[in-house]
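Source file: work02.txt (compact mmCIF, C-alpha atoms)
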# COMPACT_ATOMS: atom_id res chain seq x y z
CA MET R 1 111.42 62.94 54.33
CA THR R 2 108.93 61.95 51.65
CA PRO R 3 105.65 63.88 52.10
CA GLU R 4 102.38 61.97 52.44
CA ILE R 5 98.95 62.95 51.11
CA ASP R 6 96.03 61.26 52.85
CA LEU R 7 93.22 60.61 50.38
CA THR R 8 90.86 59.76 53.23
CA ASP R 9 91.11 63.33 54.54
CA LEU R 10 87.90 65.18 53.64
CA GLU R 11 89.78 68.49 53.45
CA VAL R 12 92.16 67.04 50.85
CA LEU R 13 89.28 65.50 48.91
CA THR R 14 87.31 68.74 48.64
CA ASP R 15 90.27 71.16 48.26
CA PRO R 16 93.35 69.21 47.13
CA PHE R 17 95.51 72.14 46.01
CA PRO R 18 97.09 73.13 49.37
CA ALA R 19 98.14 69.56 50.24
CA TYR R 20 99.68 68.94 46.82
CA ASP R 21 101.34 72.36 46.77
CA ARG R 22 103.00 71.66 50.13
CA ALA R 23 104.14 68.21 49.00
CA ARG R 24 105.58 69.54 45.73
CA GLU R 25 107.76 72.08 47.52
CA VAL R 26 109.25 69.33 49.71
CA SER R 27 109.91 66.69 47.05
CA ALA R 28 109.17 65.66 43.48
CA VAL R 29 107.75 62.43 44.93
CA ALA R 30 104.93 62.01 47.44
CA LYS R 31 103.24 58.98 48.98
CA LEU R 32 99.48 58.68 48.54
CA VAL R 33 97.69 57.13 51.50
CA ILE R 34 94.85 55.03 50.06
CA PRO R 35 93.30 52.24 52.17
CA GLY R 36 93.58 48.82 50.55
CA PHE R 37 96.56 49.75 48.38
CA GLY R 38 100.23 49.13 48.92
CA PRO R 39 102.88 51.72 48.05
CA PHE R 40 101.37 54.37 45.78
CA TRP R 41 103.58 57.19 44.57
CA ALA R 42 102.65 60.56 43.06
CA LEU R 43 105.07 62.74 41.08
CA THR R 44 104.37 66.33 42.05
CA ARG R 45 106.73 68.38 39.86
CA TYR R 46 106.19 69.06 36.19
CA THR R 47 109.52 67.86 34.80
CA GLU R 48 109.48 64.53 36.65
CA ALA R 49 105.76 63.93 36.04
CA ARG R 50 105.99 64.61 32.31
CA ALA R 51 109.09 62.43 31.96
CA MET R 52 107.43 59.48 33.72
CA LEU R 53 104.42 59.57 31.39
CA ALA R 54 106.70 58.93 28.41
CA ASP R 55 109.09 56.53 30.20
CA PRO R 56 108.83 52.89 29.03
CA ARG R 57 109.95 51.77 32.49
CA PHE R 58 106.42 52.55 33.66
CA GLU R 59 103.50 50.64 32.13
CA VAL R 60 99.72 50.84 32.14
CA ARG R 61 98.03 47.55 33.04
CA SER R 62 94.46 46.38 33.43
CA GLU R 63 95.04 46.71 37.21
CA SER R 64 95.52 50.44 36.62
CA PHE R 65 91.72 50.68 36.40
CA LEU R 66 89.15 50.00 39.09
CA ARG R 67 86.16 48.10 37.74
CA PRO R 68 82.86 48.06 39.60
CA PRO R 69 81.73 44.63 40.81
CA GLY R 70 78.87 42.79 39.19
CA ILE R 71 79.67 43.35 35.52
CA PRO R 72 77.95 40.57 33.51
CA GLU R 73 80.18 37.91 31.98
CA HIS R 74 79.17 38.78 28.41
CA CYS R 75 80.45 42.34 28.87
CA LEU R 76 83.95 41.47 30.06
CA GLU R 77 85.48 41.12 26.59
CA TYR R 78 84.57 44.75 25.90
CA MET R 79 86.09 46.11 29.11
CA LYS R 80 89.74 46.00 28.03
CA THR R 81 89.91 49.37 26.34
CA MET R 82 92.82 50.87 24.43
CA ALA R 83 93.70 52.82 27.58
CA GLU R 84 94.51 49.56 29.37
CA GLN R 85 96.98 48.39 26.74
CA ASP R 86 100.60 49.28 26.24
CA GLY R 87 103.29 48.72 23.66
CA PRO R 88 102.68 47.49 20.10
CA GLU R 89 99.01 46.57 20.61
CA HIS R 90 98.16 50.00 21.99
CA LEU R 91 100.06 51.64 19.14
CA ARG R 92 98.25 49.52 16.53
CA LEU R 93 94.80 50.52 17.80
CA ARG R 94 95.75 54.15 18.23
CA ARG R 95 97.08 54.45 14.69
CA LEU R 96 93.91 52.92 13.27
CA VAL R 97 91.51 55.28 15.00
CA ALA R 98 93.65 58.45 15.19
CA PRO R 99 92.32 59.90 11.88
CA ALA R 100 88.89 60.23 13.48
CA PHE R 101 90.31 62.46 16.24
CA THR R 102 92.59 64.91 14.46
CA PRO R 103 92.44 68.68 15.10
CA LYS R 104 91.16 69.11 11.53
CA ARG R 105 88.30 66.65 12.18
CA ALA R 106 87.51 68.44 15.44
CA ALA R 107 87.39 71.81 13.65
CA GLN R 108 84.98 70.37 11.08
CA LEU R 109 82.67 69.38 13.94
CA ARG R 110 82.44 72.94 15.30
CA PRO R 111 79.09 73.81 13.64
CA ARG R 112 77.49 70.64 15.00
CA LEU R 113 78.93 71.29 18.46
CA ALA R 114 77.57 74.84 18.33
CA ALA R 115 74.10 73.60 17.43
CA ILE R 116 74.06 71.15 20.35
CA THR R 117 75.32 73.83 22.73
CA GLY R 118 72.72 76.29 21.48
CA ARG R 119 69.85 73.89 22.16
CA LEU R 120 71.00 73.35 25.74
CA LEU R 121 71.43 77.09 26.31
CA ASP R 122 67.94 77.75 24.93
CA ALA R 123 66.52 75.29 27.48
CA LEU R 124 68.29 76.71 30.55
CA PRO R 125 65.57 79.24 31.56
CA ALA R 126 63.05 76.39 31.79
CA HIS R 127 65.18 74.82 34.53
CA VAL R 128 65.35 77.92 36.74
CA GLU R 129 64.04 77.36 40.28
CA ASP R 130 63.88 80.18 42.82
CA GLY R 131 65.88 82.33 40.42
CA LEU R 132 68.75 79.85 40.03
CA VAL R 133 69.77 77.05 37.67
CA ASP R 134 72.19 74.19 38.30
CA LEU R 135 74.64 74.39 35.41
CA VAL R 136 76.04 70.92 36.13
CA ALA R 137 72.69 69.16 35.82
CA HIS R 138 71.30 71.16 32.93
CA PHE R 139 74.29 72.08 30.80
CA ALA R 140 77.70 70.67 31.72
CA ARG R 141 76.53 67.10 32.27
CA PRO R 142 74.21 66.61 29.26
CA LEU R 143 76.51 68.42 26.81
CA PRO R 144 79.27 65.78 26.39
CA MET R 145 76.81 62.92 25.99
CA ASP R 146 74.78 64.90 23.44
CA VAL R 147 78.05 65.49 21.58
CA ILE R 148 78.98 61.81 21.72
CA CYS R 149 75.54 60.85 20.42
CA GLU R 150 75.97 63.27 17.53
CA LEU R 151 79.46 61.98 16.73
CA ALA R 152 78.37 58.36 17.00
CA GLY R 153 75.18 58.75 15.01
CA ILE R 154 72.85 57.76 17.89
CA PRO R 155 69.22 58.38 16.80
CA ASP R 156 67.34 61.19 18.52
CA ALA R 157 64.87 58.75 20.07
CA ASP R 158 67.69 56.94 21.89
CA ARG R 159 69.48 60.00 23.20
CA PRO R 160 67.52 60.48 26.48
CA ARG R 161 68.66 57.08 27.75
CA TRP R 162 72.23 57.81 26.62
CA ARG R 163 72.09 60.97 28.74
CA GLU R 164 71.26 58.74 31.70
CA TYR R 165 74.27 56.57 30.86
CA GLY R 166 76.47 59.66 30.75
CA ALA R 167 75.24 60.83 34.16
CA ALA R 168 76.02 57.40 35.62
CA VAL R 169 79.50 57.37 34.09
CA ALA R 170 80.25 60.95 35.20
CA SER R 171 79.28 60.06 38.77
CA GLY R 172 82.13 57.53 38.95
CA VAL R 173 82.12 54.03 40.38
CA GLY R 174 78.96 52.79 42.04
CA PRO R 175 75.81 50.78 41.35
CA ASP R 176 74.47 53.22 38.74
CA PHE R 177 77.79 53.13 36.90
CA ALA R 178 77.91 49.32 36.96
CA ALA R 179 74.31 49.08 35.76
CA ALA R 180 74.97 51.47 32.88
CA ILE R 181 77.85 49.43 31.46
CA PRO R 182 75.80 46.59 29.86
CA ALA R 183 73.36 49.12 28.42
CA ILE R 184 76.14 51.24 26.92
CA ILE R 185 77.77 48.16 25.39
CA GLU R 186 74.47 47.02 23.87
CA GLY R 187 73.90 50.53 22.56
CA ALA R 188 77.42 50.52 21.08
CA LYS R 189 76.70 47.23 19.32
CA GLU R 190 73.49 48.66 17.85
CA ALA R 191 75.29 51.81 16.71
CA VAL R 192 78.06 49.80 15.04
CA ALA R 193 75.55 47.53 13.28
CA ARG R 194 73.57 50.54 12.08
CA SER R 195 76.70 52.29 10.81
CA ARG R 196 77.92 49.16 9.04
CA ALA R 197 74.59 48.89 7.22
CA GLU R 198 74.49 52.59 6.37
CA PRO R 199 77.87 54.29 6.98
CA GLY R 200 77.42 57.94 7.86
CA ASP R 201 79.49 61.05 8.34
CA ASP R 202 80.10 60.36 12.00
CA LEU R 203 82.75 58.95 14.27
CA ILE R 204 81.50 55.37 14.17
CA GLY R 205 81.38 55.60 10.38
CA ASP R 206 85.07 56.58 10.48
CA LEU R 207 85.85 53.64 12.76
CA VAL R 208 83.87 51.18 10.64
CA ARG R 209 85.90 52.29 7.64
CA ALA R 210 89.03 51.56 9.69
CA GLN R 211 87.92 47.92 9.74
CA ASP R 212 89.10 47.49 6.16
CA ASP R 213 91.27 44.39 5.71
CA ASP R 214 90.20 43.11 9.16
CA ARG R 215 92.51 45.58 10.87
CA LEU R 216 89.95 46.20 13.63
CA THR R 217 87.83 43.39 15.09
CA ASP R 218 84.14 43.73 15.94
CA THR R 219 85.00 43.44 19.62
CA GLU R 220 87.64 46.17 19.33
CA LEU R 221 85.19 48.42 17.49
CA VAL R 222 82.45 48.08 20.12
CA THR R 223 85.06 48.56 22.86
CA LEU R 224 86.23 51.78 21.23
CA VAL R 225 82.67 53.15 21.21
CA TRP R 226 82.21 52.23 24.89
CA HIS R 227 85.57 53.84 25.69
CA LEU R 228 84.48 56.98 23.82
CA VAL R 229 81.47 57.26 26.12
CA LEU R 230 83.65 56.76 29.19
CA ALA R 231 86.47 59.14 28.22
CA GLY R 232 84.13 61.66 26.64
CA GLN R 233 82.76 62.74 30.02
CA THR R 234 85.85 64.85 30.86
CA PRO R 235 84.26 68.11 29.59
CA VAL R 236 81.42 67.72 32.14
CA ASN R 237 83.61 68.82 35.00
CA LEU R 238 86.03 70.91 32.95
CA VAL R 239 83.20 73.17 31.76
CA ALA R 240 81.75 73.45 35.28
CA ASN R 241 85.15 74.17 36.87
CA ALA R 242 85.97 76.70 34.15
CA VAL R 243 82.70 78.61 34.57
CA GLU R 244 83.31 78.94 38.30
CA ALA R 245 86.94 79.98 37.74
CA LEU R 246 86.04 82.68 35.20
CA LEU R 247 83.24 84.07 37.37
CA ARG R 248 85.70 84.29 40.28
CA HIS R 249 88.23 86.05 38.02
CA PRO R 250 86.10 88.69 36.24
CA ASP R 251 89.21 90.45 34.90
CA GLN R 252 90.07 87.32 32.89
CA LEU R 253 86.50 86.97 31.67
CA GLU R 254 86.56 90.58 30.48
CA LEU R 255 89.71 89.86 28.46
CA LEU R 256 87.87 87.05 26.68
CA ARG R 257 84.83 89.21 26.02
CA ALA R 258 87.05 91.92 24.57
CA ASP R 259 89.00 89.47 22.40
CA PRO R 260 87.22 86.16 21.58
CA GLY R 261 90.37 85.08 19.76
CA LEU R 262 91.83 84.32 23.20
CA TRP R 263 89.41 81.43 23.80
CA PRO R 264 91.55 78.55 22.43
CA GLY R 265 94.46 79.56 24.67
CA ALA R 266 92.08 80.16 27.56
CA VAL R 267 90.88 76.55 27.36
CA GLU R 268 94.49 75.38 27.74
CA GLU R 269 94.99 77.69 30.72
CA LEU R 270 91.73 76.57 32.34
CA MET R 271 92.77 72.95 31.86
CA ARG R 272 96.01 73.79 33.66
CA PHE R 273 94.39 75.87 36.39
CA CYS R 274 91.25 73.86 37.20
CA SER R 275 91.46 70.52 35.41
CA PRO R 276 89.00 67.99 36.82
CA GLN R 277 91.60 65.22 36.52
CA LEU R 278 93.85 65.40 39.55
CA LEU R 279 95.92 62.29 38.84
CA THR R 280 96.81 60.35 35.72
CA THR R 281 95.97 56.68 35.31
CA PRO R 282 98.43 54.80 37.56
CA ARG R 283 101.46 53.19 35.96
CA PHE R 284 103.40 50.23 37.32
CA ALA R 285 107.18 50.29 37.53
CA ARG R 286 108.71 47.52 35.37
CA GLU R 287 111.94 47.79 37.35
CA ASP R 288 113.36 49.70 40.32
CA VAL R 289 113.51 53.41 39.47
CA GLU R 290 114.93 56.21 41.63
CA ILE R 291 113.32 59.65 41.36
CA ASP R 292 114.51 62.60 43.44
CA GLY R 293 116.03 60.29 46.04
CA ASP R 294 113.00 58.00 46.40
CA LEU R 295 113.17 54.41 45.19
CA ILE R 296 110.08 53.22 43.35
CA ARG R 297 110.35 49.44 43.33
CA ALA R 298 109.34 47.15 40.48
CA GLY R 299 105.59 46.48 40.58
CA GLU R 300 104.69 49.59 42.61
CA ARG R 301 102.11 52.09 41.43
CA VAL R 302 103.02 55.64 40.41
CA THR R 303 100.89 58.47 39.07
CA ALA R 304 101.54 61.97 37.78
CA ALA R 305 99.82 64.44 40.09
CA MET R 306 98.62 66.94 37.50
CA VAL R 307 97.02 68.95 40.30
CA ALA R 308 100.56 69.72 41.53
CA ALA R 309 102.65 69.52 38.35
CA ASP R 310 100.48 71.97 36.40
CA ARG R 311 100.96 74.53 39.20
CA ASP R 312 104.70 74.01 39.51
CA PRO R 313 106.32 77.46 39.90
CA ARG R 314 109.55 76.02 38.46
CA VAL R 315 107.78 75.87 35.09
CA PHE R 316 104.83 78.28 35.22
CA ASP R 317 105.33 81.93 36.17
CA GLY R 318 102.67 82.89 38.69
CA ALA R 319 101.51 79.27 38.70
CA GLY R 320 98.66 79.86 41.13
CA ARG R 321 97.21 82.67 39.00
CA LEU R 322 94.65 82.23 36.22
CA ASP R 323 95.96 84.00 33.10
CA VAL R 324 94.03 83.44 29.86
CA THR R 325 96.85 85.08 27.88
CA ARG R 326 99.48 82.67 29.21
CA GLN R 327 102.02 81.25 26.78
CA GLY R 328 104.39 78.46 27.69
CA PRO R 329 104.74 74.73 28.33
CA ALA R 330 101.84 72.41 27.58
CA GLN R 331 99.64 71.54 30.54
CA LEU R 332 99.37 67.87 31.50
CA GLY R 333 95.59 67.74 31.86
CA PHE R 334 95.32 65.52 28.78
CA SER R 335 98.35 63.48 29.95
CA HIS R 336 101.49 63.06 27.84
CA GLY R 337 103.35 60.38 25.93
CA PRO R 338 101.80 57.25 24.38
CA HIS R 339 98.59 57.64 26.40
CA PHE R 340 97.98 61.31 25.58
CA CYS R 341 94.20 61.72 25.42
CA LEU R 342 93.09 60.67 21.93
CA GLY R 343 89.99 62.86 22.08
CA ALA R 344 91.81 65.98 23.29
CA SER R 345 91.14 67.91 20.06
CA ILE R 346 87.41 67.31 20.29
CA ALA R 347 87.35 68.09 24.03
CA ARG R 348 89.17 71.37 23.40
CA VAL R 349 86.77 72.55 20.70
CA GLU R 350 83.75 71.33 22.68
CA THR R 351 84.87 73.23 25.77
CA GLU R 352 85.70 76.39 23.81
CA VAL R 353 82.31 76.40 22.08
CA ALA R 354 80.45 75.68 25.32
CA LEU R 355 82.12 78.41 27.34
CA SER R 356 82.16 81.12 24.69
CA MET R 357 78.50 80.59 23.78
CA LEU R 358 77.40 80.39 27.44
CA PHE R 359 78.99 83.73 28.38
CA GLU R 360 77.78 85.38 25.19
CA ARG R 361 74.20 84.18 25.66
CA TYR R 362 74.05 85.02 29.38
CA PRO R 363 76.32 88.06 29.97
CA ASP R 364 74.93 88.60 33.50
CA LEU R 365 75.73 85.07 34.68
CA ALA R 366 76.54 85.11 38.42
CA LEU R 367 77.51 82.59 41.10
CA ALA R 368 74.99 81.95 43.85
CA GLY R 369 77.22 81.50 46.91
CA ASP R 370 79.72 78.74 47.60
CA VAL R 371 80.20 75.81 45.26
CA PRO R 372 80.09 72.43 47.07
CA ARG R 373 82.69 69.92 45.88
CA ALA R 374 82.17 66.19 45.56
CA PRO R 375 84.66 64.33 47.81
CA ASP R 376 86.72 62.51 45.17
CA GLY R 377 90.44 61.79 45.34
CA GLY R 378 90.83 61.50 41.58
CA THR R 379 88.47 64.16 40.24
CA TRP R 380 87.94 67.77 41.29
CA ARG R 381 84.33 68.49 40.49
CA PRO R 382 81.40 70.51 41.79
CA ALA R 383 78.45 68.60 43.19
CA ARG R 384 76.33 71.40 41.74
CA LEU R 385 76.88 74.87 40.31
CA LEU R 386 73.99 77.21 41.08
CA LEU R 387 73.91 80.32 38.92
CA ALA R 388 71.68 83.29 38.31
CA LEU R 389 71.14 83.78 34.58
Here is a file; write its structure as structure tokens.
Amino acid sequence: MTPEIDLTDLEVLTDPFPAYDRAREVSAVAKLVIPGFGPFWALTRYTEARAMLADPRFEVRSESFLRPPGIPEHCLEYMKTMAEQDGPEHLRLRRLVAPAFTPKRAAQLRPRLAAITGRLLDALPAHVEDGLVDLVAHFARPLPMDVICELAGIPDADRPRWREYGAAVASGVGPDFAAAIPAIIEGAKEAVARSRAEPGDDLIGDLVRAQDDDRLTDTELVTLVWHLVLAGQTPVNLVANAVEALLRHPDQLELLRADPGLWPGAVEELMRFCSPQLLTTPRFAREDVEIDGDLIRAGERVTAAMVAADRDPRVFDGAGRLDVTRQGPAQLGFSHGPHFCLGASIARVETEVALSMLFERYPDLALAGDVPRAPDGGTWRPARLLLAL
């Protein structure tokens, strides 16, 4: 019998691991119960999930994304991001912008990322109340948007409002998110215009240069900047989840303190162990496909349940254990196949810099009790993370 996972169950929303673990050990395919949706399938085992993400029989469509209501008409042309496209058009855009997101480019950004991280760490003591500071509000959440502003060449004077945009985007769908979209798009237009007039050593400068020979339209360029803001919020919750995980596994934190060279691998392991992304963007079956005895019919939604696949004991030895020295298969936190996260290299370096500098600067960092989780079927994230410095 195909297992079911009820995404209206508060216990599943706040602690999804047990439900997905149980489902994975019954079948490689589970049904997600989501009100308002028809059949919605989740692949729970690593091999099947990874294969689906690279299988052309499953496609990403605009319906794969939920858009908040009330988006102004003039913004709609910028809403179809590269993530919503498949096939040749997706490949064309990805090839044009890929040079701006290479591991080499990410490594070159490390000094700038370290400077941004250092400023936020310097400011943490000013946010202490009753001996505690909320790391989500005062470090994890502002960090990615500050990084994006740096990469995009956003002037210092404009960065406070961009932080507000980032907070709205990180909070997910809702009125604040919908209200932020027109402002982000206008800000993206301004940034593109500024970069075109005076190209700089930043990400938008790289993208403007990719417009040579009309290979990238103005609309596509602005859309890419908006998409960067949207996708660039992943480290908010990854950093917060990782800090909690390391503080709850002091033996692993001590390994990192003893050998800082372990940090790049630790980021991969933390992405596997406590990734904020529970499910990949839904795909739609182009035709009937049978997986592990279940028939997924043409037109039905299917997602890779990274929360289950990345803890699959068939692939990962001691899958439920955090091990910063782990070697082995690539985790699926950044997806796989044609839609592998374009900004993964930057997110990896950003997370490594943030975590290593945080624990170096505040060696006595300690959790202050339980960590409340936001009830979210797609993202595993703390509502707040109170710490003693």
Tell me, as a list of chain:residue names, which residues lie within 12 Å of R:His90, counting only C-alpha atoms; anything in the same chain fewer than 4 positions away does not count.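 Listed by chain and then number, they are R:Glu59, R:Val60, R:Arg61, R:Lys80, R:Thr81, R:Met82, R:Ala83, R:Glu84, R:Gln85, R:Asp86, R:Arg94, R:Arg95, R:Leu96, R:Val97, R:Ala98, R:Glu220, R:Pro338, R:His339, R:Phe340, R:Leu342.
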Serialized selection, C-alpha atoms, as a PDB file, in the frame of the given file:
ATOM      1  CA  GLU R  59     103.500  50.640  32.130  1.00  0.00           C
ATOM      2  CA  VAL R  60      99.720  50.840  32.140  1.00  0.00           C
ATOM      3  CA  ARG R  61      98.030  47.550  33.040  1.00  0.00           C
ATOM      4  CA  LYS R  80      89.740  46.000  28.030  1.00  0.00           C
ATOM      5  CA  THR R  81      89.910  49.370  26.340  1.00  0.00           C
ATOM      6  CA  MET R  82      92.820  50.870  24.430  1.00  0.00           C
ATOM      7  CA  ALA R  83      93.700  52.820  27.580  1.00  0.00           C
ATOM      8  CA  GLU R  84      94.510  49.560  29.370  1.00  0.00           C
ATOM      9  CA  GLN R  85      96.980  48.390  26.740  1.00  0.00           C
ATOM     10  CA  ASP R  86     100.600  49.280  26.240  1.00  0.00           C
ATOM     11  CA  ARG R  94      95.750  54.150  18.230  1.00  0.00           C
ATOM     12  CA  ARG R  95      97.080  54.450  14.690  1.00  0.00           C
ATOM     13  CA  LEU R  96      93.910  52.920  13.270  1.00  0.00           C
ATOM     14  CA  VAL R  97      91.510  55.280  15.000  1.00  0.00           C
ATOM     15  CA  ALA R  98      93.650  58.450  15.190  1.00  0.00           C
ATOM     16  CA  GLU R 220      87.640  46.170  19.330  1.00  0.00           C
ATOM     17  CA  PRO R 338     101.800  57.250  24.380  1.00  0.00           C
ATOM     18  CA  HIS R 339      98.590  57.640  26.400  1.00  0.00           C
ATOM     19  CA  PHE R 340      97.980  61.310  25.580  1.00  0.00           C
ATOM     20  CA  LEU R 342      93.090  60.670  21.930  1.00  0.00           C
TER      21      LEU R 342
END
Please identify all polymer residues within 12 Å of stretch 244-260 of chain R, counting all atoms listed in the file, omitting same-chain residues fewer than 3 positions from it, and present them as a PyMOL selection string. chain R and resi 135-136+140+237-241+263-267+269-275+321-326+352-353+355-361+363-373+381-382+384-388
Save out the residues we just selected, C-alpha atoms, as an mmCIF file, keeping the file's coordinate frame.
data_model
loop_
_atom_site.group_PDB
_atom_site.id
_atom_site.type_symbol
_atom_site.label_atom_id
_atom_site.label_comp_id
_atom_site.auth_asym_id
_atom_site.auth_seq_id
_atom_site.Cartn_x
_atom_site.Cartn_y
_atom_site.Cartn_z
ATOM 1 C CA LEU R 135 74.640 74.390 35.410
ATOM 2 C CA VAL R 136 76.040 70.920 36.130
ATOM 3 C CA ALA R 140 77.700 70.670 31.720
ATOM 4 C CA ASN R 237 83.610 68.820 35.000
ATOM 5 C CA LEU R 238 86.030 70.910 32.950
ATOM 6 C CA VAL R 239 83.200 73.170 31.760
ATOM 7 C CA ALA R 240 81.750 73.450 35.280
ATOM 8 C CA ASN R 241 85.150 74.170 36.870
ATOM 9 C CA TRP R 263 89.410 81.430 23.800
ATOM 10 C CA PRO R 264 91.550 78.550 22.430
ATOM 11 C CA GLY R 265 94.460 79.560 24.670
ATOM 12 C CA ALA R 266 92.080 80.160 27.560
ATOM 13 C CA VAL R 267 90.880 76.550 27.360
ATOM 14 C CA GLU R 269 94.990 77.690 30.720
ATOM 15 C CA LEU R 270 91.730 76.570 32.340
ATOM 16 C CA MET R 271 92.770 72.950 31.860
ATOM 17 C CA ARG R 272 96.010 73.790 33.660
ATOM 18 C CA PHE R 273 94.390 75.870 36.390
ATOM 19 C CA CYS R 274 91.250 73.860 37.200
ATOM 20 C CA SER R 275 91.460 70.520 35.410
ATOM 21 C CA ARG R 321 97.210 82.670 39.000
ATOM 22 C CA LEU R 322 94.650 82.230 36.220
ATOM 23 C CA ASP R 323 95.960 84.000 33.100
ATOM 24 C CA VAL R 324 94.030 83.440 29.860
ATOM 25 C CA THR R 325 96.850 85.080 27.880
ATOM 26 C CA ARG R 326 99.480 82.670 29.210
ATOM 27 C CA GLU R 352 85.700 76.390 23.810
ATOM 28 C CA VAL R 353 82.310 76.400 22.080
ATOM 29 C CA LEU R 355 82.120 78.410 27.340
ATOM 30 C CA SER R 356 82.160 81.120 24.690
ATOM 31 C CA MET R 357 78.500 80.590 23.780
ATOM 32 C CA LEU R 358 77.400 80.390 27.440
ATOM 33 C CA PHE R 359 78.990 83.730 28.380
ATOM 34 C CA GLU R 360 77.780 85.380 25.190
ATOM 35 C CA ARG R 361 74.200 84.180 25.660
ATOM 36 C CA PRO R 363 76.320 88.060 29.970
ATOM 37 C CA ASP R 364 74.930 88.600 33.500
ATOM 38 C CA LEU R 365 75.730 85.070 34.680
ATOM 39 C CA ALA R 366 76.540 85.110 38.420
ATOM 40 C CA LEU R 367 77.510 82.590 41.100
ATOM 41 C CA ALA R 368 74.990 81.950 43.850
ATOM 42 C CA GLY R 369 77.220 81.500 46.910
ATOM 43 C CA ASP R 370 79.720 78.740 47.600
ATOM 44 C CA VAL R 371 80.200 75.810 45.260
ATOM 45 C CA PRO R 372 80.090 72.430 47.070
ATOM 46 C CA ARG R 373 82.690 69.920 45.880
ATOM 47 C CA ARG R 381 84.330 68.490 40.490
ATOM 48 C CA PRO R 382 81.400 70.510 41.790
ATOM 49 C CA ARG R 384 76.330 71.400 41.740
ATOM 50 C CA LEU R 385 76.880 74.870 40.310
ATOM 51 C CA LEU R 386 73.990 77.210 41.080
ATOM 52 C CA LEU R 387 73.910 80.320 38.920
ATOM 53 C CA ALA R 388 71.680 83.290 38.310
#
Using all atoms listed in the file, pick whichever of R:Ala30, R:Leu216, R:Met306, R:Ile154 has the shortest atom-to-atom distance to R:Ile184.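 Nearest to R:Ile184: R:Ile154.
Residues lying within 6 Å of R:Met145, counting all atoms listed in the file and ignoring same-chain neighbours fewer than 3 positions away, are Pro142, Ile148, Arg163 and Gly166 of chain R.
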May I have the residues from that selection written out with C-alpha atoms, as an mmCIF file, in the frame of the given file?
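Now in selection-v4.cif:
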data_model
loop_
_atom_site.group_PDB
_atom_site.id
_atom_site.type_symbol
_atom_site.label_atom_id
_atom_site.label_comp_id
_atom_site.auth_asym_id
_atom_site.auth_seq_id
_atom_site.Cartn_x
_atom_site.Cartn_y
_atom_site.Cartn_z
ATOM 1 C CA PRO R 142 74.210 66.610 29.260
ATOM 2 C CA ILE R 148 78.980 61.810 21.720
ATOM 3 C CA ARG R 163 72.090 60.970 28.740
ATOM 4 C CA GLY R 166 76.470 59.660 30.750
#
Rank nothing, just name the residue among R:Ala183, R:Ala354, R:Ala309, R:Leu295 nearest to R:Thr44, using only C-alpha atoms. R:Ala309
When you count all atoms listed in the file, which of these residues is closest to R:Ala49: R:Ala298, R:Arg24, R:Leu121, R:Tyr165?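 When distances to R:Ala49 are compared using all atoms listed in the file, the smallest one comes from R:Arg24.
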Could you jot down the atom CA of R:Gly200 to atom CA of R:Val229 separation for me, Å, one decimal place?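 So the answer is 18.7 Å.
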Residue nearest R:Leu207 - candidates R:Ala180, R:Val12, R:Leu132, R:Ala152, atoms counted: only C-alpha atoms: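 Checking each candidate against R:Leu207, we get R:Ala152 as the closest.
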Atom CA of R:Thr379 to atom CA of R:Pro16: how many Å, to one decimal?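 For atom CA of R:Thr379 relative to atom CA of R:Pro16, the distance reads 9.8 Å.
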Measuring atom to atom with all atoms listed in the file, identify which of R:Val289, R:Leu10, R:Ala100, R:Met1 is nearest to R:Gly377.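 When distances to R:Gly377 are compared using all atoms listed in the file, the smallest one comes from R:Leu10.
Atom CA of R:Phe17 lies 26.8 Å from atom CA of R:Val349.
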Selected residue, from R:Phe139, R:Ala231, R:Pro3, R:Ala374, that lies nearest to R:Val243 when counting all atoms listed in the file: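 Comparing R:Phe139, R:Ala231, R:Pro3, R:Ala374 against R:Val243, the winner is R:Phe139.
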Near R:His138, counting only C-alpha atoms, which residues have an atom at most 9 Å away, once you skip same-chain residues fewer than 6 positions from it, shown as a PyMOL selection string? chain R and resi 120-121+123-124+127
